[in-house]
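To start, the structure under review is shown below, and the notes come after it.
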Amino acid sequence: MSFLDLVKQRYSCRSYQEKSVEQEKLDYVMECVRFAPSAVNKQPWMFRVVKNDAEKENLRECYSRDWFNTAPMYIICSILHDEEWVRKDGKHHGDIDIAIAVEHLCLAATEQGLATCWVCNFDAEKCKQLFTFAENEEPAVLIPIGYAADEAKEKKRKDMDQICK
């Protein structure tokens, strides 16, 4: 499959099968994440795989949507702020670095026949209360991951001349 075909295949899944994700596929996805680039190669991130029922229920308190509850597992993607690179003008790159790594995660999952969805609109403070995070660690993105029970909808994208000069 070409990279363009992979990118077109990836979508925000909002319904998952009850089927568990095989450990080999999860390991592959996380190995792809491990090789994601970051500013000055700081790799200012931490990824927590949430599989057990008690932790899944806790995480579901942080984002209360019926579709989110259908995922068989989740990955909490966090920024380690004391490890992120800061440009001379004060621009922190942790958000950029975590975004690159998370998209590696989503594309690798798609390649493995899995589905994902970026969830950024969650209660990060509640997440910090329910899970143990380092003082410098900020949960930034939740990724439900599993086998899709829905189908991708047509992607609406701007025309090339609207995004490229």
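Residue names in the structure tokens use chain letters A, B, ... in the order shown, residue numbers from 1 in each chain, and ligand numbers from 1 in the order shown.
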Could you give me, as JSON lines, every stretch 47-67 of chain A residue with an atom at most 12 Å from stretch 144-162 of chain A, plus its closest atom pair and distance in Å to one decimal, counting only C-alpha atoms, rows ordered by chain then number?
{"residue": "A:Arg48", "atom": "CA", "partner": "A:Pro144", "partner_atom": "CA", "distance": 11.8}
{"residue": "A:Val49", "atom": "CA", "partner": "A:Pro144", "partner_atom": "CA", "distance": 9.9}
{"residue": "A:Val50", "atom": "CA", "partner": "A:Pro144", "partner_atom": "CA", "distance": 9.3}
{"residue": "A:Lys51", "atom": "CA", "partner": "A:Ile145", "partner_atom": "CA", "distance": 10.3}
{"residue": "A:Lys56", "atom": "CA", "partner": "A:Pro144", "partner_atom": "CA", "distance": 10.3}
{"residue": "A:Leu59", "atom": "CA", "partner": "A:Pro144", "partner_atom": "CA", "distance": 10.4}
{"residue": "A:Arg60", "atom": "CA", "partner": "A:Pro144", "partner_atom": "CA", "distance": 10.4}
{"residue": "A:Tyr63", "atom": "CA", "partner": "A:Pro144", "partner_atom": "CA", "distance": 11.1}
{"residue": "A:Arg65", "atom": "CA", "partner": "A:Pro144", "partner_atom": "CA", "distance": 11.9}
{"residue": "A:Trp67", "atom": "CA", "partner": "A:Pro144", "partner_atom": "CA", "distance": 9.9}
With C-alpha atoms retained, export the selected residues as a short mmCIF file (atom, residue, chain, number, x, y, z; two decimals), in the first residue's frame.
data_model
loop_
_atom_site.label_atom_id
_atom_site.label_comp_id
_atom_site.auth_asym_id
_atom_site.auth_seq_id
_atom_site.Cartn_x
_atom_site.Cartn_y
_atom_site.Cartn_z
CA ARG A 48 0.13 4.68 28.90
CA VAL A 49 -1.77 1.69 27.52
CA VAL A 50 -5.11 1.29 29.28
CA LYS A 51 -6.45 -2.27 28.99
CA LYS A 56 -10.90 1.82 31.29
CA LEU A 59 -10.69 6.90 31.66
CA ARG A 60 -14.29 6.86 30.45
CA TYR A 63 -14.62 11.68 28.25
CA ARG A 65 -19.36 9.67 25.06
CA TRP A 67 -18.97 5.76 21.19
#
**OP:** Please provide the set of residues having any atom within 10 Å of A:Asn136, restricted to only C-alpha atoms, with same-chain residues fewer than 2 positions apart removed, written as a ChimeraX atom specification.
**Re:** /A:78-83,133-134,138
Subject >> Spatial neighbours of A:Glu61, 9 Å, only C-alpha atoms, chain gap at least 6 places, as a list of chain:residue names >> reply: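 Those residues are A:Asp123, A:Lys126, A:Cys127.
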Original post:
Between atom CA of A:Ala108 and atom CA of A:Lys128, what is the spacing in Å?
Top reply: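 Computing the Euclidean distance for atom CA of A:Lys128 and atom CA of A:Ala108 yields 27.1 Å.
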Original post:
Just asking: which residues within stretch 6-104 of chain A are helix (DSSP H, G or I) according to DSSP, as a VMD selection string?
Top reply: chain A and resid 6 to 9 23 to 34 39 to 41 53 to 60 68 to 70 94 to 104
**OP:** Please measure the separation of atom CA of A:Ala140 and atom CA of A:Cys120, giving the value in Å to one decimal.
**Re:**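 Here the two named atoms are 6.6 Å from each other.
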**OP:** Provide the atom CA of A:Ile100 to atom CA of A:Cys164 distance in Å, to one decimal place.
**Re:** 20.7 Å
**OP:** Might you pull out every residue within 7 Å of A:Thr70, with only C-alpha atoms counted and same-chain residues fewer than 2 positions away left off, and present them as a VMD selection string?
**Re:** chain A and resid 15 to 16 67 to 68 72
Output N, CA, C and O atoms for every residue in the selection just made, as a JSON list (two decimals), in the first residue's frame.
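Generated output (result.json):
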[["chain", "number", "residue", "atom", "x", "y", "z"],
["A", 15, "SER", "N", -16.82, 3.81, 16.55],
["A", 15, "SER", "CA", -17.52, 2.59, 16.98],
["A", 15, "SER", "C", -16.55, 1.42, 16.80],
["A", 15, "SER", "O", -15.99, 1.24, 15.72],
["A", 16, "TYR", "N", -16.37, 0.66, 17.89],
["A", 16, "TYR", "CA", -15.37, -0.40, 17.89],
["A", 16, "TYR", "C", -16.00, -1.75, 18.18],
["A", 16, "TYR", "O", -16.98, -1.85, 18.93],
["A", 67, "TRP", "N", -19.85, 6.40, 22.15],
["A", 67, "TRP", "CA", -18.97, 5.76, 21.19],
["A", 67, "TRP", "C", -17.60, 5.47, 21.80],
["A", 67, "TRP", "O", -16.99, 4.43, 21.50],
["A", 68, "PHE", "N", -17.11, 6.35, 22.66],
["A", 68, "PHE", "CA", -15.80, 6.18, 23.29],
["A", 68, "PHE", "C", -15.78, 4.91, 24.15],
["A", 68, "PHE", "O", -14.77, 4.22, 24.22],
["A", 72, "PRO", "N", -11.99, -1.23, 22.94],
["A", 72, "PRO", "CA", -11.49, -2.28, 23.84],
["A", 72, "PRO", "C", -10.26, -1.84, 24.64],
["A", 72, "PRO", "O", -9.92, -2.47, 25.64]]
Quick one: residues within 10 Å of A:Lys42, only C-alpha atoms counted, chain neighbours fewer than 6 positions away excluded, as a PDB file with C-alpha atoms, in the first residue's frame?
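selection.pdb, written as the output of this step:
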ATOM      1  CA  LEU A  80       6.819  15.539  29.540  1.00  0.00           C
ATOM      2  CA  GLU A  83      11.981  17.255  28.563  1.00  0.00           C
ATOM      3  CA  GLU A  84      10.471  19.279  25.698  1.00  0.00           C
ATOM      4  CA  TRP A  85      12.664  21.517  23.583  1.00  0.00           C
ATOM      5  CA  HIS A  93       7.520  22.170  21.156  1.00  0.00           C
ATOM      6  CA  GLY A  94       5.924  19.479  23.329  1.00  0.00           C
ATOM      7  CA  ASP A  97       6.202  16.532  19.226  1.00  0.00           C
TER       8      ASP A  97
END
Subject >> A:Gln9 environment, 12 Å, only C-alpha atoms, sequence neighbours closer than 2 positions dropped, as a count of residues only >> reply: 26
